[in-house]
Each structure stands twice: as structure tokens, then as C-alpha cells.
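Enquirer: Take a look at this one; I'll ask things after.
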Amino acid sequence: MSDESLTPRRAGLAVASLSVGTLLNPLNSSMIAIALLTLRETFGLDVLTVTWVITAFYLASAAGQPLMGRLGDRFGPRRLFIFGMCVVVITCALTPFSPNFWFVCAGRVALAIGTATAFPSAVSLLHPITSMSRMSSPRLLGRMQMANTAGAAIGPVIGGVLVTTLGWEAIFWINVPLALIALVGTRLFAPQDAARSREPVRTVIADSDIPGVLLFTASLVSLLVFLLNITREAPWPLLITAIGCGALFIWRELSTREPFIDVRMLARNRRLLLVYTGFALFNLVYYCAFFGLPQFLEEHGGYRPDITGLLMLPLAALNVLLTPFAARFIERRGVRAAFLVGGVWLVASAAFMTLVAWSVAPIVPLLVTAAMGVPYCVISISMSQALYSSAGRESAGVATGIFQTSRYVGAILSTTLLGIAFSDGTVPASWVEVTIVATVLSVALLALIARWRPVSRTD
């Protein structure tokens, strides 16, 4: 069938295939939370060390999402999507045979790179799909967003069942058939990439700002390793390295023609900078609960991984149920009102998490995760809308890439915080410490987002 026109059926199958690929990143972000204790027991790790299986994934995702978006524009989104799914298949078939934990972390890095190709490629492919099929782009994009949300929601449940029945290896194997479905479906039904001129490798590397990506990653890794060891003998040279790499990164971004992160754009747009800072802070609080609570329930509460996954389900599942209501609230009352409601609820929910330290009876974590699910929905949608209204059209693609990076930075910092808090054991006292810090950070977030102002009443 010619790509000049797509039937609704073929367009639907193309979007379904792309959606399967885009859900792999949130699915693997959430499944791993249930496997942390099992990985610790299998490889004989402490809490500080096991967090690198999360950190490695998010570091690669933070650098990979904006970079893959550029590569998709240069080489073609369909071609890049298929390449990414091939990386996922090979990585997830081999990683379960890792001889040690650090090979598992390397597998998570490769998995992050493969899945990072999916979302920017899928969004780019929506343009030719909608123009050729004459279907509504919001309708097709809505299907893709629902798949991503569902991936995050069911991740703890799937992860719990797989880890309990087949072991931690299964959270990698499950990606193989999913990636193959996405790969084959996209190859059969998605439209071909437009013809592109060949360019020298040197030009591609220069325009991708590889030095900027490396400096950004080096600065973040050095800072994280320093923070993870701060309770022992603090490695001050790493802090100096982090500051030095950070300074070089800013210099590089100000001097290069195609920066990895447009520092000048951030300096000009204070409203956008507030959105990024707030989003990173919000994800720091959210992932403290998402990654910390499963470890506490399994180690202190004695729950099996599959039961822990069910207890975590309300946190992400409520996002699916409440999304239409939150969207209507924003339409009627505006982004700032949603920010304030979500921020106040987040403060209360973070403090409410303390109850788990006193009782791990099933009803308590279920109520806690349900309470956290509400602000997760409201603030996430509000942040996306604030991003849309704060970013200029000419820089919307770059702005979206940085927005995703700020999410990963928050998630990475949460694993560092949990590693420090749980370094003396996953006990009620350490969980209280986590909730106190989360509550303080929630108050800081509320104060920050209260400063955001729309540029017009339509925001």
C-alpha cells in the first residue's frame, strides 16, 4: 500500500505499534522499583549501591531523550525508532546473563538509550500519519499518552509478578516480545521517512553536541557519587570535579552553535526556568515514594514483590482515572489554580506517608499511595500545560527535551536521597527521615510554583 494515503486501520496499527515502543521507558522505570530488594540479595549489595541500577537508567535517559530527538530529525524518525527497538531486543535478551551487578547497570544504560528513541520518533511520525490518514492528531496522541500512563501504572504489578515467579531476569525478558511487536508493526504500517541528504559523520557529531552531553553527564555522575558517600569519608575531589564539569558545560553551551541545553533560552525565559526547576523538584518528591516505599514494604513489612506491586498500584493508576477531571479543572480555573491545589495536596500526602512507619497493614500503604496519586496527576498535567504556555513555538522541541531531562534529574536525586536515608537499614526511623525531607521539599515546591504567573487568561 502506498504511503501517499493511509487507511484509518493502517494508521491505527501504526500508532498502536509506536505506542508499544513508547511505553517501554515508563514501564522499565516503574518495574525496577519492585526488583531492588531481590537485586540486593542476589548480588550482595547495600542500599547505596543498588540505587545505581536506577540512576544509570535515568542518567542515560536524561542525556538520551534530547539527543535522540535531534538524531531522529537528521536520520528519520522511523529509522531511528526501529534502531532503538533492535537495541532493546538485543540488550534485554543478554542482560539476564550478567555475571555481576555492574553488567546489569550497563544493560540498563543500553535499555535507556534504546527506549529513548521511541517517544521523540513517535511524535515526529504522528505528523505524516495524520496528514496521510486525515485522522485527528489529538486523538492519536491521546492513545499514545494513555499507553505511556498505563505503562507506568501497571509496571509495579507486572514487575512484582515477574520477580516473584521468574526472578529479576524476567523484567528484562518481558521487553523482548514488546519491542519486537513495536519494531515489526512500525516497519509494516508506519510511513517511510522522507528522503534526507547524506552528511559527514563529523557534521553529525558537531551538531549533536557530544562534548556538551559528556560534560553534563560527568558533572551529574560526579555530584551523585559525592552525595552517596557523604555520610562516610566525603570524596571532596569529586565535588570539585562536578563543579568544574558544570562550569565547562555552561561555557560549552554558551559557545556552541547547536547546544545540548540552550542556556541562553533559559536565561531569557524565567517562567520556563521556573517550570523546569519545579518539575525536577516535584519528581524528586514523587520518586522518593515510588522507589522508597517498595523497599520499605518488602524489607521491613515482609511483603512479597507481587503483593508490593499491588500495594503500589494506586499511586500510578489514579493518574489514568483523574486525568480527564484534572484537564477540565485547568480549562475552567487555569494552570495556577491547579498548581496550588496540587501543591497543597502534595504537602499533605508527603506528611501522610509517615503513617507507614507506624503500620504496614495493607490498608495503610494503599491509602498512602492513593493519596500520592492525586497530586501526581494534577501537578504533572499542570507542568505540561505551563511548559506549553511558557515556551515559544520556535523553541518548543528543545524546550520539551529539557523538560524530560528535568524529570530524570529529579528521579536521579531521589535515588541518592534514598541511598543516604537507608544506609543504616530500611527501618521505620529511616522512613520517617525520608518523609520529613519529602514534606520539606513539597513545601519548597509549593512556594516555587505559587510564583508562576500565566501570560494571559487562557493559560
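Residues in the C-alpha cells are numbered from 1 in each chain, the chains being A, B, ... in the order shown, and ligands are numbered from 1 in the order shown.
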Quick one: everything within 10 Å of range 182-184 of chain A, counting only C-alpha atoms, minus sequence neighbours fewer than 3 positions away in the same chain. Send it as a list in words.

Expert: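 The contact residues come out as Ala14, Val15, Ala16, Ser17, Leu18, Ser19, Val20, Gly21, Thr22, Leu24, Arg78, Phe81, Ile82, Phe83, Gly84, Met85, Cys86, Val89, Ala118, Pro177, Leu178, Ala179, Arg187, Leu188, Phe189 and Ala190 of chain A.
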
Enquirer: Could you write out the selected residues, including N, CA and C atoms, as an mmCIF file, in the first residue's frame?

Expert:
```
data_model
loop_
_atom_site.group_PDB
_atom_site.id
_atom_site.type_symbol
_atom_site.label_atom_id
_atom_site.label_comp_id
_atom_site.auth_asym_id
_atom_site.auth_seq_id
_atom_site.Cartn_x
_atom_site.Cartn_y
_atom_site.Cartn_z
ATOM 1 N N ALA A 14 -0.310 1.591 13.040
ATOM 2 C CA ALA A 14 0.982 2.273 13.158
ATOM 3 C C ALA A 14 1.115 2.945 14.521
ATOM 4 N N VAL A 15 0.062 3.650 14.938
ATOM 5 C CA VAL A 15 0.100 4.333 16.231
ATOM 6 C C VAL A 15 0.152 3.322 17.367
ATOM 7 N N ALA A 16 -0.572 2.200 17.222
ATOM 8 C CA ALA A 16 -0.526 1.169 18.264
ATOM 9 C C ALA A 16 0.887 0.609 18.409
ATOM 10 N N SER A 17 1.561 0.390 17.291
ATOM 11 C CA SER A 17 2.932 -0.127 17.328
ATOM 12 C C SER A 17 3.884 0.880 17.960
ATOM 13 N N LEU A 18 3.731 2.147 17.586
ATOM 14 C CA LEU A 18 4.554 3.183 18.177
ATOM 15 C C LEU A 18 4.285 3.319 19.675
ATOM 16 N N SER A 19 3.019 3.172 20.057
ATOM 17 C CA SER A 19 2.655 3.293 21.473
ATOM 18 C C SER A 19 3.297 2.195 22.310
ATOM 19 N N VAL A 20 3.375 0.981 21.759
ATOM 20 C CA VAL A 20 4.035 -0.112 22.477
ATOM 21 C C VAL A 20 5.492 0.244 22.726
ATOM 22 N N GLY A 21 6.131 0.871 21.733
ATOM 23 C CA GLY A 21 7.527 1.266 21.915
ATOM 24 C C GLY A 21 7.689 2.370 22.944
ATOM 25 N N THR A 22 6.768 3.352 22.942
ATOM 26 C CA THR A 22 6.904 4.476 23.877
ATOM 27 C C THR A 22 6.622 4.086 25.318
ATOM 28 N N LEU A 24 7.701 1.487 26.803
ATOM 29 C CA LEU A 24 8.798 0.709 27.376
ATOM 30 C C LEU A 24 9.611 1.513 28.387
ATOM 31 N N ARG A 78 11.353 7.115 11.700
ATOM 32 C CA ARG A 78 11.029 5.685 11.547
ATOM 33 C C ARG A 78 12.286 4.838 11.648
ATOM 34 N N PHE A 81 13.504 4.855 15.287
ATOM 35 C CA PHE A 81 12.635 4.047 16.143
ATOM 36 C C PHE A 81 12.969 2.562 16.000
ATOM 37 N N ILE A 82 13.099 2.097 14.767
ATOM 38 C CA ILE A 82 13.411 0.687 14.519
ATOM 39 C C ILE A 82 14.782 0.334 15.091
ATOM 40 N N PHE A 83 15.743 1.240 14.925
ATOM 41 C CA PHE A 83 17.062 1.011 15.508
ATOM 42 C C PHE A 83 16.966 0.882 17.025
ATOM 43 N N GLY A 84 16.207 1.756 17.657
ATOM 44 C CA GLY A 84 16.060 1.707 19.108
ATOM 45 C C GLY A 84 15.444 0.406 19.589
ATOM 46 N N MET A 85 14.443 -0.076 18.874
ATOM 47 C CA MET A 85 13.808 -1.334 19.274
ATOM 48 C C MET A 85 14.767 -2.514 19.100
ATOM 49 N N CYS A 86 15.639 -2.459 18.095
ATOM 50 C CA CYS A 86 16.668 -3.503 17.946
ATOM 51 C C CYS A 86 17.624 -3.492 19.134
ATOM 52 N N VAL A 89 15.832 -5.169 22.092
ATOM 53 C CA VAL A 89 15.750 -6.630 21.957
ATOM 54 C C VAL A 89 17.082 -7.287 22.321
ATOM 55 N N ALA A 118 12.186 6.149 21.305
ATOM 56 C CA ALA A 118 10.798 5.868 20.972
ATOM 57 C C ALA A 118 9.905 7.110 20.972
ATOM 58 N N PRO A 177 9.577 -9.446 23.613
ATOM 59 C CA PRO A 177 8.402 -9.528 22.730
ATOM 60 C C PRO A 177 7.739 -8.177 22.497
ATOM 61 N N LEU A 178 7.727 -7.303 23.500
ATOM 62 C CA LEU A 178 7.109 -5.988 23.327
ATOM 63 C C LEU A 178 7.867 -5.163 22.283
ATOM 64 N N ALA A 179 9.191 -5.167 22.367
ATOM 65 C CA ALA A 179 9.988 -4.414 21.398
ATOM 66 C C ALA A 179 9.847 -4.993 19.991
ATOM 67 N N ARG A 187 7.550 -1.129 11.181
ATOM 68 C CA ARG A 187 8.118 -1.397 9.857
ATOM 69 C C ARG A 187 7.023 -1.683 8.826
ATOM 70 N N LEU A 188 5.943 -2.335 9.246
ATOM 71 C CA LEU A 188 4.872 -2.693 8.307
ATOM 72 C C LEU A 188 3.895 -1.555 8.043
ATOM 73 N N PHE A 189 3.583 -0.761 9.068
ATOM 74 C CA PHE A 189 2.464 0.172 8.949
ATOM 75 C C PHE A 189 2.839 1.648 8.968
ATOM 76 N N ALA A 190 3.971 2.014 9.564
ATOM 77 C CA ALA A 190 4.327 3.437 9.642
ATOM 78 C C ALA A 190 4.843 3.926 8.301
#
```

Enquirer: So which one's closest to Ser121 in chain A, A:Ala370, A:Leu27, A:Leu166, A:Leu71? Using only C-alpha atoms, please.

Expert: A:Leu71

Enquirer: So, with only C-alpha atoms as the atoms that count, which of A:Ser380, A:Gln192, A:Thr165, A:Thr51 lies closest to Leu417 in chain A?

Expert: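 Residue with the minimum atom-to-atom distance to Leu417 in chain A: A:Thr51.
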
Enquirer: Could you tell me which of A:Val176, A:Ile34, A:Val285, A:Cys377 comes closest to Ser414 in chain A if we count only C-alpha atoms?

Expert: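 Under the stated criterion, the closest residue is A:Val285.
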